[in-house]
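Next comes entry17.txt, a file with compact mmCIF, C-alpha atoms.
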# COMPACT_ATOMS: atom_id res chain seq x y z
CA MET A 1 0.00 0.00 0.00
CA ASN A 2 1.11 3.57 -0.57
CA THR A 3 2.21 5.70 2.34
CA ALA A 4 0.17 8.65 1.06
CA PHE A 5 -3.61 8.45 1.22
CA ASP A 6 -6.80 10.37 1.95
CA LYS A 7 -8.87 9.81 5.03
CA PRO A 8 -12.25 8.40 3.98
CA ARG A 9 -14.36 10.96 5.84
CA GLY A 10 -18.03 10.56 5.09
CA ARG A 11 -17.66 7.10 3.53
CA VAL A 12 -20.47 4.65 4.41
CA VAL A 13 -19.87 0.90 4.92
CA LEU A 14 -22.47 -1.80 5.47
CA VAL A 15 -21.20 -4.53 7.81
CA VAL A 16 -22.96 -7.90 7.61
CA GLU A 17 -21.64 -10.20 10.35
CA ASP A 18 -23.43 -12.49 12.85
CA ASP A 19 -20.59 -12.68 15.38
CA TYR A 20 -21.33 -9.80 17.79
CA VAL A 21 -17.77 -9.41 19.11
CA LEU A 22 -16.17 -9.53 15.66
CA ALA A 23 -18.78 -7.14 14.23
CA SER A 24 -18.28 -4.68 17.09
CA ASP A 25 -14.49 -4.72 16.71
CA LEU A 26 -14.74 -4.21 12.94
CA ALA A 27 -17.20 -1.34 13.33
CA SER A 28 -15.00 0.27 15.97
CA ASN A 29 -11.88 0.07 13.78
CA LEU A 30 -13.67 1.58 10.82
CA SER A 31 -15.22 4.34 12.91
CA GLU A 32 -11.74 5.34 14.06
CA ILE A 33 -10.79 6.27 10.49
CA GLY A 34 -13.91 8.34 9.88
CA VAL A 35 -16.14 5.69 8.29
CA LYS A 36 -19.86 5.70 8.99
CA ILE A 37 -21.22 2.21 9.74
CA VAL A 38 -24.56 0.84 8.59
CA GLY A 39 -25.40 -2.13 10.81
CA PRO A 40 -23.88 -4.43 11.74
CA ALA A 41 -26.55 -6.73 10.28
CA PRO A 42 -26.58 -10.23 11.82
CA ASN A 43 -28.79 -11.89 9.18
CA VAL A 44 -29.93 -11.67 5.57
CA GLU A 45 -33.28 -10.06 6.36
CA GLN A 46 -31.76 -7.23 8.37
CA ALA A 47 -29.05 -6.63 5.79
CA LEU A 48 -31.63 -6.32 3.00
CA LYS A 49 -33.62 -3.88 5.13
CA TYR A 50 -30.52 -1.73 5.72
CA ILE A 51 -29.85 -1.69 1.95
CA ASP A 52 -33.42 -0.69 1.19
CA ASP A 53 -33.57 1.99 3.89
CA SER A 54 -30.13 3.58 3.41
CA SER A 55 -29.80 6.46 0.98
CA GLN A 56 -26.08 5.78 0.55
CA ILE A 57 -23.87 2.73 0.98
CA ASP A 58 -20.41 2.97 -0.58
CA VAL A 59 -19.05 -0.51 0.17
CA ALA A 60 -20.28 -3.61 2.01
CA ILE A 61 -18.35 -6.21 4.02
CA LEU A 62 -20.07 -9.61 4.01
CA ASP A 63 -19.61 -12.66 6.19
CA ILE A 64 -20.68 -15.68 4.11
CA ASN A 65 -22.43 -17.82 6.73
CA LEU A 66 -24.96 -15.96 8.88
CA ALA A 67 -26.16 -18.40 11.54
CA GLY A 68 -26.54 -21.14 8.97
CA THR A 69 -27.90 -18.98 6.12
CA MET A 70 -25.70 -18.02 3.20
CA VAL A 71 -25.31 -14.29 2.49
CA PHE A 72 -25.71 -14.53 -1.31
CA PRO A 73 -29.18 -12.88 -1.52
CA VAL A 74 -27.52 -9.80 0.01
CA ALA A 75 -24.66 -10.01 -2.51
CA ASP A 76 -27.20 -10.24 -5.34
CA GLU A 77 -29.04 -7.13 -4.14
CA LEU A 78 -25.79 -5.20 -3.77
CA SER A 79 -24.80 -6.22 -7.31
CA ARG A 80 -28.17 -5.12 -8.63
CA ARG A 81 -27.64 -1.68 -7.09
CA ASN A 82 -24.01 -1.53 -8.23
CA ILE A 83 -22.67 -1.33 -4.67
CA PRO A 84 -19.18 -2.86 -4.36
CA PHE A 85 -18.57 -5.47 -1.66
CA PHE A 86 -16.11 -8.11 -0.49
CA PHE A 87 -16.30 -11.24 1.64
CA ALA A 88 -14.75 -11.37 5.13
CA THR A 89 -14.91 -15.06 5.95
CA GLY A 90 -13.25 -18.29 6.90
CA TYR A 91 -14.67 -20.04 3.84
CA SER A 92 -12.85 -20.69 0.58
CA ARG A 93 -13.95 -19.49 -2.85
CA ASP A 94 -15.39 -22.91 -3.63
CA VAL A 95 -18.58 -22.17 -1.68
CA VAL A 96 -19.59 -19.04 -3.62
CA PRO A 97 -21.63 -19.07 -6.87
CA PRO A 98 -19.62 -18.47 -10.07
CA ARG A 99 -20.96 -14.91 -10.37
CA PHE A 100 -19.07 -14.00 -7.16
CA ALA A 101 -16.03 -16.21 -7.64
CA ASP A 102 -13.72 -13.30 -8.39
CA ARG A 103 -14.77 -11.06 -5.50
CA ILE A 104 -12.15 -10.03 -2.94
CA PHE A 105 -11.79 -12.42 0.02
CA VAL A 106 -10.36 -11.38 3.40
CA GLU A 107 -9.68 -14.34 5.66
CA LYS A 108 -10.64 -14.51 9.31
CA PRO A 109 -9.32 -13.67 11.84
CA LEU A 110 -9.53 -10.21 10.30
CA ASP A 111 -6.42 -8.08 10.07
CA LYS A 112 -7.04 -4.31 10.01
CA SER A 113 -4.62 -3.62 7.19
CA ALA A 114 -6.15 -6.40 5.08
CA VAL A 115 -9.60 -4.89 5.59
CA TYR A 116 -8.33 -1.40 4.67
CA ASP A 117 -6.65 -2.79 1.55
CA ALA A 118 -9.82 -4.62 0.51
CA LEU A 119 -11.92 -1.49 0.95
CA SER A 120 -9.52 0.49 -1.21
CA ASP A 121 -9.25 -2.20 -3.89
CA CYS A 122 -13.01 -2.61 -3.96
CA ARG A 123 -13.55 1.08 -4.69
CA ARG A 124 -10.72 1.30 -7.23
CA SER A 125 -12.08 -1.68 -9.14
CA ILE A 126 -15.56 -0.21 -9.51
CA GLU A 127 -14.32 3.28 -10.33
CA LYS A 128 -11.95 1.94 -12.96
CA ALA A 129 -14.71 -0.11 -14.57
CA ALA A 130 -17.10 2.83 -14.52
CA GLY A 131 -14.72 5.10 -16.37
CA GLY A 132 -13.07 2.65 -18.75
CA GLN A 133 -15.71 0.45 -20.35
CA LYS A 134 -18.89 1.17 -22.30
CA ASN A 135 -19.95 -2.46 -22.61
CA LEU A 136 -21.90 -3.46 -19.48
CA ILE A 137 -20.41 -6.94 -19.18
CA LEU A 138 -16.84 -5.65 -19.40
CA SER A 139 -17.67 -2.80 -17.02
CA MET A 140 -18.79 -5.25 -14.32
CA LEU A 141 -15.62 -7.35 -14.34
CA SER A 142 -13.25 -7.13 -11.41
CA ARG A 143 -9.95 -5.35 -11.83
CA ARG A 144 -8.10 -8.68 -12.05
CA GLU A 145 -10.33 -10.05 -14.79
CA SER A 146 -10.28 -6.73 -16.65
CA GLU A 147 -6.50 -6.86 -16.71
CA ILE A 148 -6.60 -10.45 -17.97
CA ILE A 149 -8.89 -9.75 -20.92
CA ARG A 150 -7.78 -6.23 -21.90
CA PRO A 151 -4.64 -7.24 -23.90
CA HIS A 152 -6.77 -9.53 -26.07
CA LEU A 153 -9.43 -6.95 -26.99
CA LYS A 154 -9.29 -4.99 -30.24
CA PRO A 155 -11.46 -1.89 -30.78
CA VAL A 156 -13.44 -2.07 -34.02
CA GLN A 157 -15.98 0.04 -35.90
CA LEU A 158 -19.38 -1.49 -36.65
CA ILE A 159 -20.72 -0.46 -40.07
CA GLN A 160 -24.46 -0.58 -40.74
CA GLY A 161 -25.28 -3.68 -42.79
CA GLU A 162 -22.02 -5.46 -41.87
CA VAL A 163 -22.47 -9.18 -41.18
CA LEU A 164 -20.54 -10.25 -38.07
CA GLU A 165 -21.64 -13.89 -38.13
CA GLN A 166 -22.82 -15.80 -41.22
CA GLN A 167 -25.71 -18.26 -40.89
CA PHE A 168 -24.43 -21.86 -40.49
CA ALA A 169 -20.80 -20.70 -40.60
CA GLU A 170 -18.24 -21.11 -37.83
CA ILE A 171 -17.97 -18.25 -35.33
CA THR A 172 -14.43 -16.83 -35.41
CA THR A 173 -14.68 -13.71 -33.21
CA VAL A 174 -16.63 -12.46 -30.19
CA SER A 175 -17.69 -8.81 -29.95
CA PHE A 176 -18.53 -6.88 -26.80
CA ILE A 177 -20.79 -4.16 -28.19
CA GLU A 178 -20.06 -0.66 -26.89
CA THR A 179 -22.26 1.54 -29.05
CA GLY A 180 -24.70 0.70 -31.79
CA VAL A 181 -26.96 -2.34 -32.16
CA VAL A 182 -26.59 -5.69 -33.93
CA SER A 183 -29.49 -7.93 -34.97
CA LEU A 184 -29.90 -11.68 -35.01
CA VAL A 185 -31.64 -12.24 -38.35
CA ALA A 186 -33.41 -15.56 -38.90
CA ALA A 187 -33.49 -16.65 -42.56
CA SER A 188 -35.64 -19.47 -43.96
CA LEU A 189 -34.63 -21.91 -46.71
CA ASP A 190 -36.57 -19.87 -49.28
CA GLY A 191 -34.78 -16.65 -48.29
CA ARG A 192 -37.40 -14.97 -46.08
CA GLN A 193 -35.87 -13.03 -43.21
CA VAL A 194 -36.94 -11.41 -39.92
CA GLU A 195 -35.13 -10.03 -36.92
CA ALA A 196 -35.19 -12.48 -34.00
CA GLY A 197 -33.20 -10.54 -31.40
CA LEU A 198 -31.04 -7.51 -30.58
CA ILE A 199 -27.67 -7.08 -28.92
CA GLY A 200 -26.31 -3.72 -27.80
CA ARG A 201 -23.96 -2.48 -25.08
CA GLU A 202 -25.64 -4.86 -22.62
CA GLY A 203 -24.23 -7.97 -24.22
CA VAL A 204 -21.76 -10.01 -26.23
CA THR A 205 -21.96 -11.97 -29.46
CA GLY A 206 -21.07 -15.65 -29.82
CA ALA A 207 -24.13 -17.18 -28.13
CA GLY A 208 -23.66 -20.93 -27.82
CA LEU A 209 -19.87 -20.94 -27.60
CA LEU A 210 -19.84 -21.74 -23.89
CA GLU A 211 -22.00 -24.79 -24.64
CA GLY A 212 -19.48 -25.96 -27.25
CA ASP A 213 -21.44 -24.82 -30.33
CA TRP A 214 -19.20 -22.93 -32.76
CA ARG A 215 -21.86 -22.41 -35.44
CA THR A 216 -24.69 -19.90 -35.53
CA PRO A 217 -28.21 -20.43 -36.93
CA TYR A 218 -28.56 -16.67 -37.58
CA ASN A 219 -27.04 -13.91 -39.61
CA LEU A 220 -25.67 -11.42 -37.10
CA MET A 221 -25.90 -8.02 -38.78
CA VAL A 222 -25.12 -4.46 -37.66
CA GLN A 223 -28.39 -2.54 -37.50
CA ILE A 224 -27.14 0.74 -36.00
CA GLU A 225 -23.46 1.59 -36.57
CA GLY A 226 -21.20 1.90 -33.55
CA THR A 227 -18.14 0.39 -31.88
CA ALA A 228 -17.16 -2.85 -30.15
CA GLN A 229 -14.28 -4.59 -28.41
CA ARG A 230 -13.44 -7.77 -30.33
CA ILE A 231 -11.58 -10.93 -29.35
CA ASP A 232 -10.89 -14.13 -31.28
CA VAL A 233 -12.84 -17.21 -30.22
CA ASP A 234 -9.84 -19.26 -29.05
CA SER A 235 -8.66 -16.50 -26.72
CA PHE A 236 -12.19 -15.90 -25.42
CA LEU A 237 -12.74 -19.55 -24.51
CA ARG A 238 -9.32 -19.84 -22.87
CA LEU A 239 -9.95 -16.70 -20.82
CA THR A 240 -13.31 -17.95 -19.54
CA HIS A 241 -11.42 -20.68 -17.67
CA ARG A 242 -9.22 -18.07 -15.96
CA ALA A 243 -11.97 -15.48 -15.48
CA PRO A 244 -15.02 -17.05 -13.77
CA GLN A 245 -16.92 -13.76 -13.63
CA LEU A 246 -16.54 -13.28 -17.40
CA ARG A 247 -17.77 -16.83 -17.99
CA SER A 248 -20.74 -16.43 -15.64
CA LEU A 249 -21.86 -13.08 -17.10
CA SER A 250 -21.45 -14.31 -20.69
CA HIS A 251 -23.43 -17.45 -19.91
CA SER A 252 -26.17 -15.44 -18.18
CA PHE A 253 -26.39 -13.11 -21.15
CA SER A 254 -26.86 -16.04 -23.53
CA ARG A 255 -29.79 -17.14 -21.37
CA ALA A 256 -31.23 -13.60 -21.35
CA LEU A 257 -30.87 -13.39 -25.13
CA GLY A 258 -32.77 -16.65 -25.54
CA ILE A 259 -35.61 -15.22 -23.45
CA GLN A 260 -35.65 -12.06 -25.57
CA ILE A 261 -35.86 -14.15 -28.77
CA SER A 262 -38.83 -16.15 -27.44
CA TYR A 263 -40.74 -12.98 -26.60
CA THR A 264 -39.97 -11.55 -30.03
CA ALA A 265 -41.67 -14.65 -31.46
CA LEU A 266 -44.66 -13.94 -29.19
CA ALA A 267 -44.80 -10.31 -30.34
CA ASN A 268 -44.55 -11.29 -34.02
CA GLY A 269 -47.36 -13.82 -33.66
CA ARG A 270 -49.81 -12.09 -31.35
CA TYR A 271 -49.39 -8.32 -31.59
CA SER A 272 -50.27 -5.70 -34.17
CA ILE A 273 -47.67 -3.93 -36.32
CA GLU A 274 -48.10 -0.74 -34.24
CA GLN A 275 -47.52 -2.64 -30.98
CA ARG A 276 -44.52 -4.49 -32.38
CA LEU A 277 -43.03 -1.27 -33.69
CA ALA A 278 -43.49 0.40 -30.28
CA ARG A 279 -41.71 -2.52 -28.59
CA TRP A 280 -38.88 -2.49 -31.14
CA LEU A 281 -38.27 1.25 -30.77
CA LEU A 282 -38.17 0.86 -26.97
CA MET A 283 -35.60 -1.92 -27.31
CA LEU A 284 -33.41 0.28 -29.50
CA LEU A 285 -33.75 3.20 -27.08
CA ASP A 286 -32.65 0.98 -24.18
CA ARG A 287 -29.44 0.23 -26.03
CA THR A 288 -28.56 3.69 -27.35
CA ASP A 289 -29.86 6.33 -24.88
CA ASN A 290 -30.42 8.47 -27.97
CA PRO A 291 -34.02 9.46 -28.77
CA VAL A 292 -33.00 10.07 -32.40
CA LEU A 293 -32.81 6.74 -34.24
CA HIS A 294 -31.45 6.74 -37.81
CA LEU A 295 -33.76 4.25 -39.49
CA THR A 296 -35.32 4.10 -42.94
CA HIS A 297 -38.78 2.68 -43.66
CA GLU A 298 -37.19 0.02 -45.83
CA TYR A 299 -34.85 -1.08 -43.05
CA MET A 300 -37.64 -1.20 -40.47
CA SER A 301 -39.82 -3.28 -42.77
CA PHE A 302 -36.92 -5.72 -43.25
CA MET A 303 -36.28 -6.05 -39.52
CA LEU A 304 -39.95 -6.42 -38.57
CA GLY A 305 -40.72 -8.77 -41.44
CA VAL A 306 -43.63 -6.67 -42.78
CA ARG A 307 -44.34 -4.69 -45.93
CA ARG A 308 -42.94 -1.19 -46.17
CA SER A 309 -46.47 0.19 -46.42
CA GLY A 310 -47.26 -1.50 -43.09
CA VAL A 311 -44.33 0.27 -41.40
CA THR A 312 -45.37 3.59 -42.92
CA GLY A 313 -48.89 3.17 -41.59
CA ALA A 314 -47.67 2.14 -38.12
CA LEU A 315 -45.36 5.17 -37.95
CA HIS A 316 -48.27 7.44 -38.83
CA VAL A 317 -50.31 5.91 -35.99
CA LEU A 318 -47.53 6.38 -33.41
CA GLU A 319 -46.88 9.91 -34.65
CA GLY A 320 -50.58 10.77 -34.54
CA GLU A 321 -50.60 9.67 -30.88
CA LYS A 322 -47.61 11.98 -30.26
CA LEU A 323 -45.35 9.10 -29.24
CA ILE A 324 -42.73 9.71 -31.94
CA ARG A 325 -41.77 12.07 -34.73
CA SER A 326 -40.91 10.56 -38.07
CA VAL A 327 -38.76 12.47 -40.55
CA ARG A 328 -36.77 11.25 -43.53
CA GLY A 329 -34.32 8.58 -42.33
CA LYS A 330 -35.04 9.28 -38.64
CA VAL A 331 -37.45 8.27 -35.90
CA ILE A 332 -37.43 10.57 -32.85
CA ILE A 333 -38.77 9.15 -29.58
CA VAL A 334 -41.03 11.73 -27.91
CA ASP A 335 -42.90 9.75 -25.22
CA ARG A 336 -41.19 6.61 -23.88
CA ALA A 337 -43.90 5.93 -21.27
CA GLY A 338 -46.53 6.25 -23.98
CA LEU A 339 -44.67 3.73 -26.16
CA ILE A 340 -44.65 1.26 -23.28
CA LEU A 341 -48.41 1.55 -23.01
CA LYS A 342 -48.73 1.21 -26.78
CA ALA A 343 -46.62 -1.97 -26.74
CA HIS A 344 -49.47 -3.42 -24.66
CA GLY A 345 -47.45 -5.92 -22.62
CA SER A 346 -45.12 -7.06 -25.40
CA TYR A 347 -42.30 -5.04 -23.81
CA GLY A 348 -40.94 -5.52 -20.27
CA ILE A 349 -40.57 -9.19 -19.41
CA PRO A 350 -37.27 -9.84 -21.26
CA GLU A 351 -35.89 -6.59 -19.81
CA ALA A 352 -36.79 -7.66 -16.26
CA GLU A 353 -35.34 -11.13 -16.87
CA TYR A 354 -32.08 -9.58 -18.08
CA GLU A 355 -31.76 -7.67 -14.80
CA ARG A 356 -32.61 -10.78 -12.77
CA LEU A 357 -30.01 -12.90 -14.53
CA MET A 358 -27.23 -10.31 -14.88
CA GLY A 359 -27.68 -8.39 -11.62
CA PHE A 360 -27.88 -4.95 -13.27
CA PRO A 361 -30.41 -3.25 -15.56
CA LEU A 362 -30.25 -3.48 -19.33
CA ASN A 363 -30.37 0.30 -19.86
CA GLY A 364 -27.21 1.00 -17.87
CA ALA A 365 -25.54 -0.60 -14.84
CA ARG A 366 -24.38 2.78 -13.56
CA SER A 367 -27.91 4.02 -13.00
CA ALA A 368 -29.04 1.12 -10.87
CA GLY A 369 -30.50 1.65 -7.44
CA LYS A 370 -29.83 4.70 -5.31
CA ASN A 371 -26.05 4.52 -5.47
CA THR A 372 -23.77 5.86 -8.19
CA VAL A 373 -20.04 5.52 -8.58
CA ASN A 374 -18.09 8.68 -7.91
CA HIS A 375 -14.48 9.56 -7.47
CA ALA A 376 -14.53 10.15 -3.75
CA PRO A 377 -11.40 9.38 -1.75
CA ILE A 378 -10.69 5.67 -1.40
CA PHE A 379 -10.41 3.91 1.96
CA ALA A 380 -7.16 3.93 3.86
CA PRO A 381 -6.12 3.85 7.51
CA PRO A 382 -5.13 7.06 9.28
CA ILE A 383 -1.61 8.47 9.57
CA ARG A 384 -0.13 8.00 13.02
CA GLY A 385 2.41 10.67 13.95
CA GLN A 386 5.66 10.78 11.93
CA LYS A 387 6.01 7.01 11.41
CA GLY A 388 3.28 6.53 8.87
CA ARG A 389 0.27 4.35 9.23
CA GLU A 390 -0.52 1.96 11.99
Starting from the file, lay out its structure as structure tokens.
Amino acid sequence: MNTAFDKPRGRVVLVVEDDYVLASDLASNLSEIGVKIVGPAPNVEQALKYIDDSSQIDVAILDINLAGTMVFPVADELSRRNIPFFFATGYSRDVVPPRFADRIFVEKPLDKSAVYDALSDCRRSIEKAAGGQKNLILSMLSRRESEIIRPHLKPVQLIQGEVLEQQFAEITTVSFIETGVVSLVAASLDGRQVEAGLIGREGVTGAGLLEGDWRTPYNLMVQIEGTAQRIDVDSFLRLTHRAPQLRSLSHSFSRALGIQISYTALANGRYSIEQRLARWLLMLLDRTDNPVLHLTHEYMSFMLGVRRSGVTGALHVLEGEKLIRSVRGKVIIVDRAGLILKAHGSYGIPEAEYERLMGFPLNGARSAGKNTVNHAPIFAPPIRGQKGRE
């Protein structure tokens, strides 16, 4: 650790520990360096209540076994709200689910300097991810896993109409989308095509690779131009064995994408063109944050699998209801809430399932919950006289 540091005045730490003596000692040590304590919480229920009631929690310290109950529901809720945490425990990493396998572990009996280091590392990891990655999966990786994968990533431009994966061909690269949107296009034997799913900054291409399937049944095509971080398949698969968090998040995204595809089939079969168009525009907005979408009538008709005249009529309906504005080559979202109502239930379930599976919302991990990442001073113990830290 460095000898120079800032005192963490005003920082807030949630302590989840069922041993009263240990919890009291930990709270006392942290209070000495200007940290405000939430808790200690002796069980899962109390910890969840503290999280729900507190307007600010910067970091959480979690014991794994709370009187016979595992702490993982608390870890899941902290992840959903983008609150960093680490485990302070006597258990090994083998007992935690894969999604938490790369979290910081501090072994009991707790050493003050180890706790201070973990608090600092926890904050640095989240801050670094927040400022350095646009793709949500990459942004949620720990510092260690980020450093493992970074040398293998290559920034690329995504050009509208570019085919990233050819139907029935072998997948050769994996792309973590940063900006823009790519479409999974299903094509029949007689050449008919329709969009089956979307991937934006929330996900990664190469669905099926982790199950050993190197071929794709879709054409993966760039719908809205943007950027991505690309890695070759061999490197990606090797890294997933060294980076359990990357593997877990990629696997969870494949599951979320499958759910999205099934609900697209439901929308195509049971909803009107206007309702489907409202859902589709909402899905694009979730992935771009830009209310101005550069889309032609021809392209929309291709993606929705309907005649161009049908798209034109649907746009007129949505515009007449003041939900959008349609100008040449552009659709401007005016009323997102109104579009959700217009979608009439076709939008919402895949988005909620994404958040359940991934632990953060599809439209931006950094906006989750009440907490946001900032660049406040990191945790460090206080300076003692002229001899440095205790």
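Distances to Leu26 (chain A) were evaluated for A:Ser113, A:Thr216, A:Gln223, A:Thr240 using all atoms listed in the file, and the minimum falls at A:Ser113.
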Checklist line | region 241-250 of chain A environment, 6 Å, only C-alpha atoms, sequence neighbours closer than 2 positions dropped, as an MDAnalysis selection string | finding: chainID A and resid 99 145 238:239 252:253
For this session: Excluding Glu170 (chain A) and residues on its chain fewer than 4 positions from it, collect all residues at most 10 Å away from it, counting only C-alpha atoms, and give them as a PyMOL selection string.
Result: chain A and resi 165-166+213-216
Dump as a PDB file, keeping the file's coordinate frame, selection limited to C-alpha atoms:
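Below is the file that was written, out01.pdb:
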ATOM      1  CA  GLU A 165     -21.640 -13.890 -38.130  1.00  0.00           C
ATOM      2  CA  GLN A 166     -22.820 -15.800 -41.220  1.00  0.00           C
ATOM      3  CA  ASP A 213     -21.440 -24.820 -30.330  1.00  0.00           C
ATOM      4  CA  TRP A 214     -19.200 -22.930 -32.760  1.00  0.00           C
ATOM      5  CA  ARG A 215     -21.860 -22.410 -35.440  1.00  0.00           C
ATOM      6  CA  THR A 216     -24.690 -19.900 -35.530  1.00  0.00           C
TER       7      THR A 216
END
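CA of Glu355 (chain A) to CA of Ile51 (chain A) spans 17.9 Å [interatomic distance, one decimal].
The spacing separating CA of Ser24 (chain A) from CA of Lys36 (chain A) amounts to 13.3 Å.
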Tell me, as JSON, numbers by chain, which residues lie within 10 Å of Phe100 (chain A), counting only C-alpha atoms; anything in the same chain fewer than 3 positions away does not count.
{"A": [72, 75, 76, 79, 86, 87, 93, 95, 96, 97, 103, 104, 142, 244, 245, 248]}
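Atom pair CA of Val71 (chain A) / CA of Gly203 (chain A) has a distance of 27.5 Å (rounded to one decimal).
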Missing atoms in region 43-56 of chain A should be modelled up to N, CA and C atoms and reported as a PDB file, keeping the file's coordinate frame.
ATOM      1  N   ASN A  43     -28.115 -10.904  10.028  1.00  0.00           N
ATOM      2  CA  ASN A  43     -28.790 -11.890   9.180  1.00  0.00           C
ATOM      3  C   ASN A  43     -29.169 -11.272   7.831  1.00  0.00           C
ATOM      4  N   VAL A  44     -29.608 -12.112   6.929  1.00  0.00           N
ATOM      5  CA  VAL A  44     -29.930 -11.670   5.570  1.00  0.00           C
ATOM      6  C   VAL A  44     -31.065 -10.658   5.574  1.00  0.00           C
ATOM      7  N   GLU A  45     -32.118 -10.944   6.343  1.00  0.00           N
ATOM      8  CA  GLU A  45     -33.280 -10.060   6.360  1.00  0.00           C
ATOM      9  C   GLU A  45     -32.920  -8.654   6.813  1.00  0.00           C
ATOM     10  N   GLN A  46     -32.136  -8.540   7.866  1.00  0.00           N
ATOM     11  CA  GLN A  46     -31.760  -7.230   8.370  1.00  0.00           C
ATOM     12  C   GLN A  46     -30.842  -6.502   7.394  1.00  0.00           C
ATOM     13  N   ALA A  47     -29.955  -7.246   6.767  1.00  0.00           N
ATOM     14  CA  ALA A  47     -29.050  -6.630   5.790  1.00  0.00           C
ATOM     15  C   ALA A  47     -29.837  -6.060   4.606  1.00  0.00           C
ATOM     16  N   LEU A  48     -30.812  -6.809   4.111  1.00  0.00           N
ATOM     17  CA  LEU A  48     -31.630  -6.320   3.000  1.00  0.00           C
ATOM     18  C   LEU A  48     -32.422  -5.086   3.403  1.00  0.00           C
ATOM     19  N   LYS A  49     -32.876  -5.054   4.641  1.00  0.00           N
ATOM     20  CA  LYS A  49     -33.620  -3.880   5.130  1.00  0.00           C
ATOM     21  C   LYS A  49     -32.703  -2.662   5.196  1.00  0.00           C
ATOM     22  N   TYR A  50     -31.475  -2.849   5.677  1.00  0.00           N
ATOM     23  CA  TYR A  50     -30.520  -1.730   5.720  1.00  0.00           C
ATOM     24  C   TYR A  50     -30.267  -1.204   4.299  1.00  0.00           C
ATOM     25  N   ILE A  51     -30.101  -2.112   3.330  1.00  0.00           N
ATOM     26  CA  ILE A  51     -29.850  -1.690   1.950  1.00  0.00           C
ATOM     27  C   ILE A  51     -31.019  -0.893   1.413  1.00  0.00           C
ATOM     28  N   ASP A  52     -32.226  -1.363   1.702  1.00  0.00           N
ATOM     29  CA  ASP A  52     -33.420  -0.690   1.190  1.00  0.00           C
ATOM     30  C   ASP A  52     -33.643   0.663   1.856  1.00  0.00           C
ATOM     31  N   ASP A  53     -33.292   0.762   3.139  1.00  0.00           N
ATOM     32  CA  ASP A  53     -33.570   1.990   3.890  1.00  0.00           C
ATOM     33  C   ASP A  53     -32.484   3.051   3.756  1.00  0.00           C
ATOM     34  N   SER A  54     -31.257   2.640   3.407  1.00  0.00           N
ATOM     35  CA  SER A  54     -30.130   3.580   3.410  1.00  0.00           C
ATOM     36  C   SER A  54     -30.068   4.341   2.090  1.00  0.00           C
ATOM     37  N   SER A  55     -29.906   5.642   2.186  1.00  0.00           N
ATOM     38  CA  SER A  55     -29.800   6.460   0.980  1.00  0.00           C
ATOM     39  C   SER A  55     -28.431   6.349   0.336  1.00  0.00           C
ATOM     40  N   GLN A  56     -27.426   5.923   1.102  1.00  0.00           N
ATOM     41  CA  GLN A  56     -26.080   5.780   0.550  1.00  0.00           C
ATOM     42  C   GLN A  56     -25.348   4.673   1.266  1.00  0.00           C
TER      43      GLN A  56
END
